[in-house]
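Pasted below: upload-v6.csv, CSV, C-alpha atoms and all ligand atoms.
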```
chain,number,residue,atom,x,y,z
A,1,MET,CA,-7.8,-7.6,30.9
A,2,SER,CA,-7.4,-3.9,30.1
A,3,SER,CA,-7.3,-3.0,26.4
A,4,ARG,CA,-4.0,-3.8,24.8
A,5,LYS,CA,-1.8,-1.1,23.3
A,6,ILE,CA,0.9,-1.5,20.7
A,7,LEU,CA,3.5,1.1,19.7
A,8,ALA,CA,4.0,0.5,16.0
A,9,ILE,CA,6.9,1.7,13.8
A,10,GLU,CA,7.1,1.9,10.0
A,11,THR,CA,10.2,2.9,8.0
A,12,SER,CA,10.1,0.6,4.9
A,13,CYS,CA,10.3,3.4,2.3
A,14,ASP,CA,10.1,7.2,2.4
A,15,GLU,CA,7.7,7.8,5.4
A,16,THR,CA,9.0,7.7,9.0
A,17,SER,CA,5.9,6.8,11.0
A,18,ALA,CA,5.0,5.8,14.6
A,19,ALA,CA,1.6,5.1,16.0
A,20,VAL,CA,-0.1,3.8,19.2
A,21,ILE,CA,-3.0,1.4,18.5
A,22,GLU,CA,-5.5,0.0,21.0
A,23,GLU,CA,-6.9,-3.5,20.5
A,24,GLY,CA,-5.8,-3.4,16.8
A,25,LYS,CA,-8.4,-1.0,15.8
A,26,VAL,CA,-8.4,2.3,17.8
A,27,ILE,CA,-5.9,4.9,16.7
A,28,LEU,CA,-4.5,6.8,19.7
A,29,SER,CA,-1.9,8.5,17.5
A,30,ASN,CA,-0.5,8.1,14.0
A,31,ILE,CA,2.4,10.4,13.1
A,32,VAL,CA,3.7,10.3,9.6
A,33,ALA,CA,6.7,12.3,8.4
A,34,SER,CA,7.0,12.2,4.7
A,35,GLN,CA,10.4,12.6,3.0
A,36,VAL,CA,8.8,13.0,-0.4
A,37,LYS,CA,10.2,16.6,-0.9
A,38,SER,CA,13.8,15.3,-0.5
A,39,HIS,CA,13.4,12.7,-3.1
A,40,GLN,CA,11.4,14.7,-5.6
A,41,ARG,CA,14.3,16.3,-7.4
A,42,PHE,CA,15.7,12.8,-8.1
A,43,GLY,CA,12.4,11.6,-9.6
A,44,GLY,CA,12.2,8.6,-7.2
A,45,VAL,CA,13.3,7.4,-3.7
A,46,VAL,CA,17.0,7.4,-3.1
A,47,PRO,CA,17.7,4.7,-0.6
A,48,GLU,CA,20.7,6.4,1.1
A,49,ILE,CA,18.8,9.6,1.6
A,50,ALA,CA,15.8,7.7,2.9
A,51,SER,CA,17.9,6.0,5.6
A,52,ARG,CA,19.5,9.2,6.6
A,53,HIS,CA,16.1,10.9,7.1
A,54,HIS,CA,14.8,7.9,9.1
A,55,VAL,CA,17.8,8.2,11.4
A,56,GLU,CA,17.1,11.9,12.0
A,57,GLN,CA,13.4,11.5,12.5
A,58,ILE,CA,12.7,8.2,14.2
A,59,THR,CA,13.2,9.2,17.9
A,60,LEU,CA,11.3,12.4,17.5
A,61,ILE,CA,8.4,10.7,15.7
A,62,ILE,CA,8.2,8.0,18.3
A,63,GLU,CA,8.2,10.5,21.1
A,64,GLU,CA,5.5,12.5,19.3
A,65,ALA,CA,3.3,9.4,18.9
A,66,MET,CA,3.6,8.5,22.6
A,67,GLN,CA,2.8,12.1,23.6
A,68,GLU,CA,-0.2,12.4,21.4
A,69,ALA,CA,-1.5,9.0,22.7
A,70,GLY,CA,-1.1,10.4,26.2
A,71,ILE,CA,0.4,7.2,27.6
A,72,ALA,CA,3.7,6.0,29.2
A,73,TYR,CA,5.9,3.2,27.9
A,74,ALA,CA,4.7,1.2,30.9
A,75,ASP,CA,1.2,1.2,29.5
A,76,LEU,CA,2.3,-0.6,26.3
A,77,ASP,CA,1.8,-4.3,25.7
A,78,ALA,CA,4.2,-4.6,22.7
A,79,VAL,CA,6.3,-2.9,20.2
A,80,ALA,CA,5.6,-3.7,16.5
A,81,VAL,CA,7.7,-2.9,13.5
A,82,THR,CA,7.7,-3.5,9.7
A,83,GLU,CA,10.4,-6.1,9.0
A,84,GLY,CA,9.8,-6.0,5.2
A,85,PRO,CA,9.4,-5.8,2.3
A,86,GLY,CA,11.1,-2.5,1.6
A,87,LEU,CA,14.5,-0.8,1.4
A,88,VAL,CA,17.0,-2.7,3.6
A,89,GLY,CA,18.7,0.4,5.1
A,90,ALA,CA,15.3,2.1,5.8
A,91,LEU,CA,13.9,-1.1,7.4
A,92,LEU,CA,16.9,-1.4,9.7
A,93,ILE,CA,16.3,2.0,11.2
A,94,GLY,CA,12.8,1.0,12.3
A,95,VAL,CA,13.8,-2.5,13.4
A,96,ASN,CA,16.7,-1.2,15.6
A,97,ALA,CA,14.5,1.5,17.1
A,98,ALA,CA,11.9,-1.1,18.0
A,99,LYS,CA,14.4,-3.4,19.5
A,100,ALA,CA,15.9,-0.6,21.6
A,101,ILE,CA,12.4,0.3,23.0
A,102,ALA,CA,11.4,-3.3,23.5
A,103,PHE,CA,14.7,-4.0,25.4
A,104,ALA,CA,14.6,-0.8,27.5
A,105,HIS,CA,11.0,-1.4,28.6
A,106,GLY,CA,10.8,-5.2,28.7
A,107,LEU,CA,8.2,-5.4,26.0
A,108,PRO,CA,7.6,-8.1,23.4
A,109,LEU,CA,8.7,-7.4,19.9
A,110,ILE,CA,6.4,-8.1,17.0
A,111,ALA,CA,7.6,-8.2,13.3
A,112,VAL,CA,5.0,-7.2,10.7
A,113,ASN,CA,4.9,-7.7,7.0
A,114,HIS,CA,4.2,-4.3,5.3
A,115,ILE,CA,1.8,-5.8,2.8
A,116,LYS,CA,-0.3,-7.4,5.6
A,117,GLY,CA,-0.2,-4.0,7.3
A,118,HIS,CA,-1.8,-2.4,4.2
A,119,ILE,CA,-4.6,-4.9,4.4
A,120,PHE,CA,-5.2,-4.4,8.1
A,121,ALA,CA,-5.4,-0.6,7.6
A,122,ASN,CA,-9.1,-1.5,6.9
A,123,ARG,CA,-9.5,-2.8,10.4
A,124,LEU,CA,-9.0,0.7,11.8
A,125,VAL,CA,-12.3,1.7,10.2
A,126,SER,CA,-14.4,-1.4,9.9
A,127,ASP,CA,-14.6,-5.0,11.2
A,128,MET,CA,-12.9,-7.4,8.9
A,129,GLN,CA,-14.9,-10.6,8.2
A,130,PHE,CA,-13.4,-13.8,6.7
A,131,PRO,CA,-13.1,-15.3,4.2
A,132,LEU,CA,-12.1,-12.1,2.3
A,133,LEU,CA,-10.3,-11.2,-0.8
A,134,SER,CA,-7.9,-8.3,-0.8
A,135,LEU,CA,-6.6,-6.3,-3.8
A,136,VAL,CA,-3.2,-4.9,-2.7
A,137,VAL,CA,-2.0,-2.1,-5.0
A,138,SER,CA,1.1,-0.1,-4.0
A,139,GLY,CA,4.3,1.3,-5.4
A,140,GLY,CA,6.0,-2.1,-5.1
A,141,HIS,CA,3.2,-4.6,-5.1
A,142,THR,CA,0.1,-5.7,-7.0
A,143,GLU,CA,-1.5,-8.8,-5.5
A,144,LEU,CA,-4.8,-10.5,-5.0
A,145,ILE,CA,-4.7,-12.2,-1.6
A,146,TYR,CA,-7.3,-14.6,-0.3
A,147,MET,CA,-7.6,-14.7,3.5
A,148,SER,CA,-9.7,-17.5,5.1
A,149,ALA,CA,-8.7,-16.2,8.6
A,150,PRO,CA,-6.8,-13.2,10.0
A,151,ASP,CA,-3.5,-15.1,9.9
A,152,SER,CA,-3.9,-16.9,6.6
A,153,PHE,CA,-2.7,-15.3,3.4
A,154,GLU,CA,-2.8,-17.0,0.0
A,155,VAL,CA,-1.5,-15.0,-3.0
A,156,ILE,CA,-3.8,-16.1,-5.8
A,157,GLY,CA,-2.6,-13.5,-8.4
A,158,GLU,CA,0.1,-10.9,-8.8
A,159,THR,CA,1.8,-8.7,-11.3
A,160,ARG,CA,4.3,-10.4,-13.6
A,161,ASP,CA,6.3,-7.2,-14.1
A,162,ASP,CA,5.6,-3.6,-12.8
A,163,ALA,CA,3.4,-2.8,-9.8
A,164,ALA,CA,0.4,-0.6,-10.5
A,165,GLY,CA,1.9,2.3,-8.5
A,166,GLU,CA,5.3,1.9,-10.2
A,167,ALA,CA,3.6,2.2,-13.6
A,168,TYR,CA,1.8,5.3,-12.5
A,169,ASP,CA,5.1,6.9,-11.3
A,170,LYS,CA,6.9,6.0,-14.5
A,171,ILE,CA,4.4,7.5,-16.8
A,172,GLY,CA,4.1,10.4,-14.5
A,173,ARG,CA,7.8,11.1,-15.1
A,174,VAL,CA,7.1,11.0,-18.9
A,175,LEU,CA,4.4,13.6,-18.4
A,176,GLY,CA,6.6,15.7,-16.2
A,177,VAL,CA,4.6,15.6,-13.0
A,178,PRO,CA,6.4,15.5,-9.6
A,179,TYR,CA,7.3,12.2,-7.9
A,180,PRO,CA,5.2,10.2,-6.9
A,181,GLY,CA,3.1,10.6,-10.0
A,182,GLY,CA,0.1,8.5,-9.1
A,183,LYS,CA,-1.9,11.2,-7.4
A,184,HIS,CA,-1.2,13.8,-10.2
A,185,ILE,CA,-2.1,11.3,-13.0
A,186,ASP,CA,-5.4,10.5,-11.1
A,187,GLU,CA,-6.2,14.3,-11.0
A,188,MET,CA,-5.4,14.7,-14.7
A,189,ALA,CA,-7.4,11.6,-15.6
A,190,HIS,CA,-10.6,13.3,-14.2
A,191,LYS,CA,-10.2,16.1,-16.6
A,192,GLY,CA,-9.7,13.9,-19.7
A,193,ALA,CA,-11.3,11.0,-21.5
A,194,ASP,CA,-10.2,7.5,-22.6
A,195,THR,CA,-9.4,8.4,-26.3
A,196,TYR,CA,-6.2,6.5,-26.7
A,197,HIS,CA,-7.6,3.0,-25.9
A,198,PHE,CA,-4.5,1.4,-24.5
A,199,PRO,CA,-4.3,-2.4,-24.3
A,200,ARG,CA,-5.9,-4.2,-21.3
A,201,ALA,CA,-3.1,-6.7,-20.6
A,202,MET,CA,-4.1,-10.3,-19.7
A,203,ILE,CA,-7.7,-9.3,-19.2
A,204,ARG,CA,-9.0,-12.4,-21.1
A,205,GLU,CA,-6.5,-14.8,-19.6
A,206,ASP,CA,-7.8,-17.5,-17.2
A,207,ASN,CA,-5.7,-16.4,-14.2
A,208,TYR,CA,-5.6,-13.6,-11.6
A,209,ASP,CA,-2.3,-12.2,-12.7
A,210,PHE,CA,-1.5,-8.7,-14.0
A,211,SER,CA,1.0,-7.0,-16.3
A,212,PHE,CA,1.6,-3.3,-16.6
A,213,SER,CA,4.8,-3.0,-18.4
A,214,GLY,CA,3.2,-3.4,-21.9
A,215,LEU,CA,0.8,-0.6,-21.0
A,216,LYS,CA,3.6,1.6,-19.8
A,217,SER,CA,5.5,1.0,-23.1
A,218,ALA,CA,2.5,1.7,-25.2
A,219,PHE,CA,2.0,4.9,-23.3
A,220,ILE,CA,5.6,6.0,-23.7
A,221,ASN,CA,5.7,5.1,-27.4
A,222,THR,CA,2.5,7.2,-28.0
A,223,VAL,CA,4.0,10.2,-26.3
A,224,HIS,CA,7.4,9.9,-28.2
A,225,ASN,CA,5.7,9.3,-31.6
A,226,ALA,CA,3.5,12.4,-31.1
A,227,LYS,CA,6.6,14.5,-30.1
A,228,GLN,CA,8.6,13.3,-33.1
A,229,LYS,CA,5.8,14.1,-35.5
A,230,GLY,CA,5.1,17.4,-33.8
A,231,GLU,CA,1.6,16.3,-33.1
A,232,PRO,CA,-0.3,17.8,-30.1
A,233,ILE,CA,-0.1,15.7,-26.8
A,234,HIS,CA,-3.4,15.7,-24.9
A,235,THR,CA,-2.0,15.0,-21.4
A,236,ASP,CA,-5.4,14.8,-19.6
A,237,ASP,CA,-6.7,12.3,-22.2
A,238,LEU,CA,-3.4,10.3,-22.0
A,239,ALA,CA,-3.8,10.2,-18.2
A,240,ALA,CA,-7.5,9.2,-18.5
A,241,SER,CA,-6.7,6.5,-21.0
A,242,PHE,CA,-3.9,5.1,-18.9
A,243,GLN,CA,-6.0,5.1,-15.8
A,244,ALA,CA,-9.0,3.5,-17.6
A,245,ALA,CA,-6.7,0.6,-18.7
A,246,VAL,CA,-5.2,0.1,-15.2
A,247,VAL,CA,-8.6,0.3,-13.5
A,248,GLU,CA,-10.4,-2.0,-15.9
A,249,VAL,CA,-8.0,-4.9,-15.5
A,250,LEU,CA,-7.7,-4.5,-11.7
A,251,VAL,CA,-11.5,-4.4,-11.3
A,252,ASP,CA,-12.2,-7.2,-13.8
A,253,LYS,CA,-9.8,-9.7,-12.3
A,254,THR,CA,-10.7,-8.8,-8.7
A,255,ILE,CA,-14.4,-9.3,-9.3
A,256,ARG,CA,-13.7,-12.6,-11.1
A,257,ALA,CA,-11.6,-13.9,-8.3
A,258,ALA,CA,-14.2,-12.8,-5.7
A,259,LYS,CA,-16.9,-14.7,-7.6
A,260,ASP,CA,-14.8,-17.8,-7.6
A,261,ARG,CA,-14.5,-17.9,-3.8
A,262,PRO,CA,-16.9,-17.8,-0.9
A,263,VAL,CA,-15.8,-14.3,0.2
A,264,LYS,CA,-17.8,-12.1,2.6
A,265,GLN,CA,-15.7,-9.0,2.0
A,266,LEU,CA,-13.6,-7.4,-0.7
A,267,VAL,CA,-10.8,-5.3,0.7
A,268,LEU,CA,-8.8,-2.6,-1.1
A,269,ALA,CA,-5.3,-1.8,0.2
A,270,GLY,CA,-2.1,0.0,-0.5
A,271,GLY,CA,-1.1,3.5,-1.8
A,272,VAL,CA,-3.0,3.1,-5.1
A,273,ALA,CA,-6.2,2.5,-3.1
A,274,ALA,CA,-6.3,6.3,-2.9
A,275,ASN,CA,-7.0,6.4,-6.6
A,276,ARG,CA,-10.4,7.9,-7.2
A,277,GLY,CA,-11.0,6.1,-10.5
A,278,LEU,CA,-10.3,2.7,-8.9
A,279,ARG,CA,-12.4,3.4,-5.8
A,280,SER,CA,-15.5,4.4,-7.7
A,281,ALA,CA,-15.1,1.6,-10.4
A,282,LEU,CA,-14.8,-1.0,-7.7
A,283,GLU,CA,-17.8,0.4,-5.8
A,284,LYS,CA,-19.9,0.2,-8.9
A,285,ALA,CA,-18.7,-3.3,-9.9
A,286,VAL,CA,-19.3,-4.7,-6.4
A,287,ALA,CA,-22.8,-3.2,-6.2
A,288,ALA,CA,-23.7,-4.5,-9.6
A,289,GLU,CA,-22.1,-8.0,-9.6
A,290,LEU,CA,-21.5,-8.9,-6.0
A,291,PRO,CA,-24.3,-7.2,-4.0
A,292,GLU,CA,-23.9,-9.7,-1.1
A,293,VAL,CA,-20.2,-8.8,-0.6
A,294,LYS,CA,-19.1,-5.9,1.6
A,295,LEU,CA,-16.5,-3.6,0.1
A,296,LEU,CA,-13.9,-2.1,2.4
A,297,ILE,CA,-11.8,0.9,1.2
A,298,PRO,CA,-9.5,2.6,3.6
A,299,PRO,CA,-9.9,6.4,4.1
A,300,LEU,CA,-7.3,8.4,2.1
A,301,ALA,CA,-5.1,9.0,5.2
A,302,LEU,CA,-4.6,5.2,5.7
A,303,CYS,CA,-3.9,4.2,2.1
A,304,GLY,CA,-0.3,5.3,2.0
A,305,ASP,CA,2.4,4.1,4.3
A,306,ASN,CA,1.7,4.6,8.0
A,307,ALA,CA,2.4,2.9,11.3
A,308,ALA,CA,-1.2,2.7,12.4
A,309,MET,CA,-1.8,-0.2,9.9
A,310,ILE,CA,1.3,-1.9,11.3
A,311,GLY,CA,-0.2,-1.7,14.8
A,312,ALA,CA,-3.5,-3.1,13.4
A,313,ALA,CA,-1.8,-6.1,11.8
A,314,ALA,CA,0.4,-6.7,14.9
A,315,GLN,CA,-2.6,-7.3,17.1
A,316,VAL,CA,-3.2,-10.6,15.4
A,317,LYS,CA,0.3,-11.7,16.5
A,318,LEU,CA,-0.1,-10.2,19.9
A,319,ALA,CA,-3.2,-12.3,20.5
A,320,LYS,CA,-1.2,-15.5,19.7
A,321,ALA,CA,1.9,-14.3,21.5
A,322,GLU,CA,3.9,-14.7,18.3
A,323,PHE,CA,6.9,-12.6,19.2
A,324,SER,CA,10.3,-12.0,17.6
A,325,ASP,CA,13.7,-12.1,19.4
A,326,TYR,CA,16.5,-9.7,19.1
A,327,ALA,CA,17.9,-11.4,16.0
A,328,LEU,CA,15.1,-9.7,14.1
A,329,ASN,CA,16.5,-8.3,10.9
A,330,GLY,CA,15.1,-6.2,8.0
A,331,GLN,CA,13.8,-8.5,5.2
A,332,PRO,CA,13.8,-6.4,1.9
A,333,GLY,CA,12.3,-9.2,-0.2
A,334,LEU,CA,9.8,-10.6,2.4
A,335,SER,CA,6.7,-12.2,0.8
A,336,VAL,CA,3.3,-12.6,2.5
A,401,LIG,O1,1.7,1.8,-0.4
A,401,LIG,P1,2.5,3.0,-0.8
A,401,LIG,O2,2.3,4.3,0.0
A,401,LIG,O3,4.0,2.6,-0.8
A,401,LIG,C1,4.4,1.3,-1.1
A,401,LIG,O4,4.3,0.4,-0.2
A,401,LIG,O5,4.8,1.2,-2.2
A,401,LIG,O6,2.2,3.3,-2.3
A,401,LIG,C2,2.8,4.3,-3.0
A,401,LIG,C3,2.3,4.3,-4.4
A,401,LIG,C4,3.0,5.3,-5.4
A,401,LIG,O7,3.4,4.6,-6.5
A,401,LIG,C5,2.0,6.3,-5.7
A,401,LIG,O8,2.2,7.0,-6.9
A,401,LIG,C6,0.7,5.6,-5.6
A,401,LIG,O9,0.9,4.7,-4.5
A,401,LIG,N1,-0.5,6.4,-5.4
A,401,LIG,C7,-1.4,6.6,-6.4
A,401,LIG,C8,-2.4,7.5,-5.8
A,401,LIG,N2,-1.9,7.9,-4.6
A,401,LIG,C9,-0.7,7.3,-4.4
A,401,LIG,N3,-1.6,5.9,-7.5
A,401,LIG,C10,-2.7,6.2,-8.3
A,401,LIG,N4,-3.6,7.2,-7.8
A,401,LIG,C11,-3.5,7.8,-6.7
A,401,LIG,N5,-4.4,8.7,-6.3
A,402,ZN,ZN,3.2,0.6,1.3
```
Output the structure of this file as structure tokens.
Ligand code: KG4
Ligand code: ZN
Amino acid sequence: MSSRKILAIETSCDETSAAVIEEGKVILSNIVASQVKSHQRFGGVVPEIASRHHVEQITLIIEEAMQEAGIAYADLDAVAVTEGPGLVGALLIGVNAAKAIAFAHGLPLIAVNHIKGHIFANRLVSDMQFPLLSLVVSGGHTELIYMSAPDSFEVIGETRDDAAGEAYDKIGRVLGVPYPGGKHIDEMAHKGADTYHFPRAMIREDNYDFSFSGLKSAFINTVHNAKQKGEPIHTDDLAASFQAAVVEVLVDKTIRAAKDRPVKQLVLAGGVAANRGLRSALEKAVAAELPEVKLLIPPLALCGDNAAMIGAAAQVKLAKAEFSDYALNGQPGLSV
């Protein structure tokens, strides 16, 4: 059989993306159109604006992905699309585009969970070996997922309130950096030091869950109190202190969970996987405490939302002929 090619589409939030992926691991094209500039002046993603941008962009982006891959629709084996979780209006643009292409060209339709997509971004650069443990950290999710096989997902821990990326973006707003704040806080953190010693929530608890809203409140109170008293605000140190608290709990719980299970690999995934502090802390911790475990960290370009990761995850379903029919809908609250 010739190598199988999937056209993948991702529109769950504020990136319109299409990609062509071969055998679930070779990127023939991966076009990502970010809308971030349109949302920045509102300090967050405005769902209505996101949908409108997706409608305007989707056909062009798909055409571009096909052209860059240098293939015709007849060369495709399936069309994959993110069905959720995400913004319902945004998801529907991708789902309907995928259905139209599948119908027009007689191709099977594959529905992909966005979170699973983030995990499979790693497959585009390394082989994935099971069992593995994945730390998924994005704008909407913070989860520890144990996978005994490519199609088996067990959530063993998750955030009880804010997602890690969400906390970054909220404190970014307090410090006046543009949305999304994560990247800017990460840069500031490298110029500062952990002088504020914020709480490490739930770090001693005997579970794999996280909580970031207490840290966020401690951060905001510190800034407000300093402002009220007219005391200086050391923004780089604040960023460094916040980042140290986030990274310490993420790494501590991930290492503990990995030690409790027979994992071959530890896999970082999601937008916050781009965080320099998290990447290096996890590298150090794995080298020191789990030398027999291989750590996979996606390259920066594959950490944020993109369709290539959706194509990589879809290959698992293509192999089992697990297809969707035209009743496929956007599932904003879809869990793994
Ligand atoms: O996975 P993603 O692109 O979208 C969702 O599925 O949510 O993640 C976006 C999140 C945002 O909260 C953004 O601030 C965060 O990832 N992020 C970062 C960094 N780069 C992106 N957070 C911390 N450090 C970074 N370098
Ligand atoms: Zn995402």
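Of the listed residues (A:Pro178, A:Gly157, A:Pro131, A:Gly270), A:Gly270 comes nearest to Leu302 of chain A; the distances count all atoms listed in the file.
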For this session: Take the point (5.0, 5.4, 26.7) in the file's coordinates, draw a sphere of radius 12 Å around it, and report as JSON, numbers by chain every protein, DNA or RNA residue with an atom inside or on it, counting all atoms listed in the file.
Result: {"A": [5, 6, 7, 8, 19, 20, 28, 29, 62, 63, 64, 65, 66, 67, 68, 69, 70, 71, 72, 73, 74, 75, 76, 77, 78, 79, 101, 102, 104, 105, 107]}
For this session: May I have the residues within 7 Å of Lys253 of chain A as number ranges by chain, using all atoms listed in the file and disregarding those fewer than 4 positions away in the same chain?
Result: A: 208, 249, 257
Problem set entry | Residues within 12 Å of (-1.8, -1.4, -15.1), file coords, all atoms listed in the file, listed as a PyMOL selection string | chain A and resi 137-139+141-142+158-171+182+198-203+209-219+241-253+272+278
Problem set entry | Computed interatomic separation between atom C1 of ligand LIG 401 (chain A) and atom CA of Ser134 of chain A (Å) | 15.6 Å
Using all atoms listed in the file, find each residue of segment 171-250 of chain A with at least one atom at most 12 Å away from an atom of segment 35-51 of chain A; report its shortest atom-to-atom pair and that distance in Å (one decimal), sort the rows by chain and rising residue number, and return the result as CSV.
```
residue,atom,partner,partner_atom,distance
A:Ile171,CA,A:Gly43,CA,11.5
A:Gly172,CA,A:Gly43,CA,9.7
A:Arg173,CA,A:Gly43,CA,7.2
A:Val174,CA,A:Gly43,CA,10.7
A:Gly176,CA,A:Gly43,CA,9.7
A:Val177,CA,A:Gly43,CA,9.4
A:Pro178,CA,A:Gln40,CA,6.5
A:Tyr179,CA,A:Gln40,CA,5.3
A:Pro180,CA,A:Gly44,CA,7.2
A:Gly181,CA,A:Gly43,CA,9.4
```
For this session: Check the smallest atom-to-atom distance from each of A:Lys284, A:Lys229, A:Lys116, A:Arg279 to ligand ZN 402 (chain A) using all atoms listed in the file, then report the winner.
Result: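 For ligand ZN 402 (chain A), the nearest of the candidates is A:Lys116.
Counting all atoms listed in the file, the residue from A:Ala18, A:Ala273, A:Met147, A:Ala189 that sits nearest to ligand ZN 402 (chain A) is A:Ala273.
Each of A:Thr59, A:Thr195, A:Asn225, A:Asn306 was compared to ligand LIG 401 (chain A) using all atoms listed in the file, and A:Asn306 turns out to be the nearest.
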For this session: Measure the distance from atom CA of Ala90 of chain A to atom CA of Pro332 of chain A in Å and round it to one decimal.
Result: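 Pair atom CA of Ala90 of chain A / atom CA of Pro332 of chain A returns 9.5 Å.
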